[in-house]
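Trainee: Following this line is my_file_35.csv, made up of CSV, C-alpha atoms and all ligand atoms:
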chain,number,residue,atom,x,y,z
R,1,MET,CA,-0.2,14.2,-8.7
R,2,THR,CA,-3.2,15.9,-10.4
R,3,ALA,CA,-6.3,17.3,-8.9
R,4,ASP,CA,-8.6,15.4,-11.3
R,5,ARG,CA,-7.9,12.0,-9.6
R,6,PRO,CA,-10.8,10.5,-7.7
R,7,ARG,CA,-11.0,11.8,-4.2
R,8,PRO,CA,-10.7,9.3,-1.3
R,9,VAL,CA,-13.9,9.1,0.7
R,10,PRO,CA,-12.9,7.8,4.2
R,11,THR,CA,-15.5,5.9,6.1
R,12,ARG,CA,-15.6,5.1,9.8
R,13,GLU,CA,-13.9,1.8,9.0
R,14,THR,CA,-11.2,3.3,6.7
R,15,ARG,CA,-10.5,6.6,8.6
R,16,PRO,CA,-7.5,5.1,10.5
R,17,PHE,CA,-5.9,4.1,7.2
R,18,TRP,CA,-6.2,7.7,5.7
R,19,ASP,CA,-5.1,9.2,9.1
R,20,GLY,CA,-2.0,7.0,8.9
R,21,LEU,CA,-1.1,8.2,5.4
R,22,ALA,CA,-1.5,11.8,6.6
R,23,ALA,CA,1.1,11.0,9.3
R,24,TYR,CA,3.3,9.2,6.6
R,25,GLU,CA,2.6,5.8,8.1
R,26,LEU,CA,1.2,2.8,6.3
R,27,ARG,CA,-1.3,1.3,8.9
R,28,ILE,CA,-2.8,-2.1,8.4
R,29,PRO,CA,-5.5,-3.8,10.6
R,30,TRP,CA,-4.0,-6.4,13.0
R,31,CYS,CA,-5.7,-9.1,15.0
R,32,ALA,CA,-4.1,-9.6,18.5
R,33,THR,CA,-5.7,-13.0,18.8
R,34,CYS,CA,-4.5,-14.4,15.5
R,35,GLY,CA,-1.3,-12.3,15.4
R,36,ARG,CA,-2.0,-11.5,11.8
R,37,TYR,CA,-2.5,-8.5,9.6
R,38,GLU,CA,-5.8,-8.3,7.6
R,39,HIS,CA,-6.2,-6.2,4.6
R,40,PRO,CA,-8.5,-4.7,3.5
R,41,GLY,CA,-9.8,-3.9,7.0
R,42,ALA,CA,-13.1,-5.3,8.2
R,43,VAL,CA,-15.3,-4.8,11.2
R,44,GLY,CA,-13.6,-7.8,12.8
R,45,CYS,CA,-11.1,-10.4,12.1
R,46,PRO,CA,-12.4,-12.7,9.3
R,47,ARG,CA,-10.6,-15.7,11.0
R,48,CYS,CA,-11.7,-15.4,14.6
R,49,LEU,CA,-14.1,-12.5,14.6
R,50,GLY,CA,-11.8,-10.7,17.2
R,51,ASP,CA,-11.2,-7.0,17.3
R,52,LEU,CA,-8.8,-5.5,14.9
R,53,GLU,CA,-6.4,-2.7,15.8
R,54,TRP,CA,-4.5,-0.5,13.3
R,55,ARG,CA,-0.7,-0.9,13.4
R,56,ALA,CA,1.9,1.0,11.4
R,57,VAL,CA,4.0,-1.4,9.3
R,58,SER,CA,7.6,-0.9,8.0
R,59,GLY,CA,6.5,-0.1,4.5
R,60,ARG,CA,8.9,-2.7,3.2
R,61,ALA,CA,7.5,-5.2,0.6
R,62,ALA,CA,8.4,-7.3,-2.4
R,63,VAL,CA,6.9,-7.3,-5.9
R,64,VAL,CA,4.6,-10.3,-6.5
R,65,SER,CA,3.1,-9.3,-9.8
R,66,TRP,CA,2.4,-6.2,-11.9
R,67,THR,CA,0.8,-4.9,-15.1
R,68,VAL,CA,1.6,-1.8,-17.2
R,69,VAL,CA,-1.5,0.3,-17.8
R,70,ARG,CA,-1.3,1.8,-21.3
R,71,ARG,CA,-4.9,3.1,-21.7
R,72,ALA,CA,-6.4,5.9,-19.6
R,73,PHE,CA,-9.1,4.3,-17.4
R,74,THR,CA,-9.0,6.6,-14.3
R,75,PRO,CA,-8.9,10.4,-14.4
R,76,GLY,CA,-5.7,11.8,-13.1
R,77,PHE,CA,-3.6,8.8,-14.0
R,78,THR,CA,-1.6,9.3,-17.1
R,79,PRO,CA,-0.5,6.1,-18.9
R,80,PRO,CA,1.7,4.3,-19.0
R,81,TYR,CA,2.0,3.5,-15.3
R,82,VAL,CA,2.6,0.4,-13.3
R,83,VAL,CA,0.0,-1.2,-11.0
R,84,ALA,CA,1.4,-4.1,-8.9
R,85,GLN,CA,0.8,-6.5,-6.1
R,86,VAL,CA,3.4,-6.4,-3.3
R,87,SER,CA,3.8,-8.7,-0.4
R,88,LEU,CA,4.2,-7.0,3.0
R,89,ALA,CA,7.6,-7.7,4.8
R,90,GLU,CA,5.8,-8.3,8.1
R,91,GLN,CA,3.5,-10.9,6.6
R,92,PRO,CA,4.4,-12.1,3.0
R,93,ASP,CA,1.0,-13.7,2.4
R,94,LEU,CA,-0.6,-10.3,2.7
R,95,TRP,CA,-0.7,-8.5,-0.6
R,96,LEU,CA,-1.4,-4.9,-1.4
R,97,ASP,CA,-2.4,-3.5,-4.7
R,98,THR,CA,-0.5,-0.4,-5.4
R,99,ALA,CA,1.2,1.9,-7.9
R,100,ILE,CA,4.9,1.5,-8.3
R,101,ASP,CA,7.1,4.3,-9.5
R,102,ALA,CA,9.5,2.3,-11.6
R,103,ASP,CA,10.6,1.6,-15.1
R,104,PRO,CA,8.5,-1.5,-16.1
R,105,ALA,CA,11.6,-3.1,-17.6
R,106,SER,CA,13.3,-3.1,-14.2
R,107,LEU,CA,10.5,-5.0,-12.4
R,108,ARG,CA,10.9,-8.6,-11.4
R,109,THR,CA,9.2,-10.9,-8.9
R,110,GLY,CA,10.7,-10.5,-5.5
R,111,LEU,CA,12.0,-7.0,-6.2
R,112,PRO,CA,12.4,-5.1,-2.9
R,113,VAL,CA,10.2,-2.0,-2.7
R,114,ALA,CA,9.4,0.6,0.0
R,115,VAL,CA,6.4,2.7,0.6
R,116,VAL,CA,6.5,6.4,-0.5
R,117,PHE,CA,3.9,9.0,0.4
R,118,HIS,CA,2.6,11.8,-1.7
R,119,ASP,CA,0.7,14.8,-0.5
R,120,ASP,CA,-2.3,15.0,-2.7
R,121,LEU,CA,-3.4,18.5,-4.0
R,122,ARG,CA,-6.7,18.1,-2.3
R,123,GLY,CA,-5.5,17.7,1.3
R,124,PHE,CA,-5.0,13.9,1.2
R,125,SER,CA,-1.9,11.9,1.4
R,126,VAL,CA,-1.7,8.9,-0.8
R,127,TYR,CA,0.9,6.1,-1.1
R,128,GLY,CA,2.7,4.0,-3.6
R,129,PHE,CA,5.9,2.0,-3.7
R,130,ARG,CA,9.4,2.4,-5.2
R,131,PRO,CA,12.2,-0.1,-5.7
R,132,VAL,CA,14.9,-0.1,-3.1
R,133,ASP,CA,18.3,-1.8,-3.0
R,134,ARG,CA,17.7,-3.6,0.2
R,135,GLU,CA,15.7,-6.7,1.1
R,136,PRO,CA,12.4,-6.0,2.7
R,137,GLY,CA,12.7,-5.6,6.5
R,138,GLU,CA,16.4,-4.4,6.4
R,139,LEU,CA,17.0,-1.2,8.2
R,140,GLU,CA,18.0,2.0,6.5
R,141,SER,CA,21.7,2.8,7.1
V,1,ZN,ZN,-8.2,-13.1,14.5
Since I need it in another form, could you write the structure as structure tokens?
Ligand SMILES: [Zn+2]
Mentor:
Amino acid sequence: MTADRPRPVPTRETRPFWDGLAAYELRIPWCATCGRYEHPGAVGCPRCLGDLEWRAVSGRAAVVSWTVVRRAFTPGFTPPYVVAQVSLAEQPDLWLDTAIDADPASLRTGLPVAVVFHDDLRGFSVYGFRPVDREPGELES
């Protein structure tokens, strides 16, 4: 983690997300009316306009797709690195764009991954994913 990465700028709408990362939780907006997670968050549920509440999720997911970044586009991110879409265990049709700490040659669609948290040098916590040897949703033994 380097200090020259862009600094997150929490807003009123995104503050619960960043507070969750600081507590080592991945929190995603959830609609009690629809019973569905919505990401990214919005002022209200895009399906029913109901209120959204932030809920901590398991952090389990599966790889949907990925790319290997080989040119430096963003300060603080040294290529090559992997950017992927992962589907959340709680709701597989909800995808998160994320960094994955993995050898690109080991990636495959459906690969189980788990969230990992990193304390940023500037007082923020950020997240990424890493491969795990269990299916999403299975408990740690
Ligand atoms: Zn809803």
Trainee: With all atoms listed in the file as the atoms that count, which of R:Phe17, R:Trp30, R:Phe117, R:Tyr127 lies nearest to ligand ZN 1 (chain V)?
Mentor: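 Residue with the minimum atom-to-atom distance to ligand ZN 1 (chain V): R:Trp30.
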Trainee: Using all atoms listed in the file, find each residue of chain R with at least one atom at most 6 Å away from an atom of ligand ZN 1 (chain V); report its shortest atom-to-atom pair and that distance in Å (one decimal), sort the rows by chain and rising residue number, and return the result as a Markdown table.
Mentor:
| residue | atom | partner | partner_atom | distance |
| --- | --- | --- | --- | --- |
| R:Cys31 | CA | V:ZN1 | ZN | 4.7 |
| R:Thr33 | CA | V:ZN1 | ZN | 5.0 |
| R:Cys34 | CA | V:ZN1 | ZN | 4.0 |
| R:Cys45 | CA | V:ZN1 | ZN | 4.6 |
| R:Arg47 | CA | V:ZN1 | ZN | 5.0 |
| R:Cys48 | CA | V:ZN1 | ZN | 4.2 |
| R:Leu49 | CA | V:ZN1 | ZN | 5.9 |
| R:Gly50 | CA | V:ZN1 | ZN | 5.1 |
Trainee: Would you pick out the contacts of R:Pro112 at 12 Å or less, using only C-alpha atoms, so that residues sharing its chain but fewer than 4 positions from it are not included, and give the list as JSON, numbers by chain?
Mentor: {"R": [59, 60, 61, 62, 63, 64, 86, 87, 88, 89, 100, 102, 106, 107, 108, 129, 130, 131, 132, 133, 134, 135, 136, 137, 138]}
Trainee: Residues around (-9.2, -0.6, 11.9), cut-off 7 Å, counting only C-alpha atoms - what are they as a list in words?
Mentor: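 The residues that fall inside the cut-off are Glu13, Thr14, Pro16, Pro29, Gly41, Leu52, Glu53 and Trp54 of chain R.
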Trainee: Enter the distance from atom CA of R:Ser65 to atom CA of R:Thr109, in Å, rounded to one decimal.
Mentor: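 Interatomic distance here is 6.4 Å.
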Trainee: For atom CA of R:Thr74 and atom CA of R:Val113, determine how far apart the two atoms are, in Å to one decimal place.
Mentor: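 Atom CA of R:Thr74 sits 24.0 Å away from atom CA of R:Val113.
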Trainee: Kindly extract all protein, DNA and RNA residues lying within 12 Å of the coordinates (10.2, 2.0, -17.7) given in the file, considering all atoms listed in the file, and supply them as a ChimeraX atom specification.
Mentor: /R:67-69,79-82,100-107
Trainee: Just the number, please: distance in Å from atom CA of R:Arg5 to atom CA of R:Thr78, one decimal.
Mentor: 10.2 Å
Trainee: Could you check which of R:Arg55, R:Trp18, R:Pro6, R:Arg12 is closest to R:Ala32, using all atoms listed in the file?
Mentor: R:Arg55
Trainee: Wanna dump the stretch 55-130 of chain R-stretch 19-23 of chain R contacts at 10 Å for me, each residue with its shortest atom pair and the distance in Å to one decimal, counting only C-alpha atoms, ordered by chain and number, as a tab-separated table?
Mentor:
residue	atom	partner	partner_atom	distance
R:Arg55	CA	R:Gly20	CA	9.2
R:Ala56	CA	R:Gly20	CA	7.6
R:Val116	CA	R:Leu21	CA	9.8
R:Phe117	CA	R:Leu21	CA	7.1
R:His118	CA	R:Leu21	CA	8.8
R:Asp119	CA	R:Ala22	CA	8.0
R:Asp120	CA	R:Ala22	CA	9.9
R:Gly123	CA	R:Ala22	CA	8.9
R:Phe124	CA	R:Ala22	CA	6.8
R:Ser125	CA	R:Ala22	CA	5.2
R:Val126	CA	R:Leu21	CA	6.3
R:Tyr127	CA	R:Leu21	CA	7.1
Trainee: Go through R:Val57, R:Gly76, R:His39, R:Arg71 one by one, measure the shortest atom-to-atom distance of each to R:Trp95 using all atoms listed in the file, and give the residue with the smallest value.
Mentor: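 Nearest candidate to R:Trp95 out of R:Val57, R:Gly76, R:His39, R:Arg71: R:His39.
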Trainee: Between R:Asp51, R:Ala84, R:Thr98, R:Ser58, which has the minimum distance to R:Arg27 (counting all atoms listed in the file)?
Mentor: R:Ser58
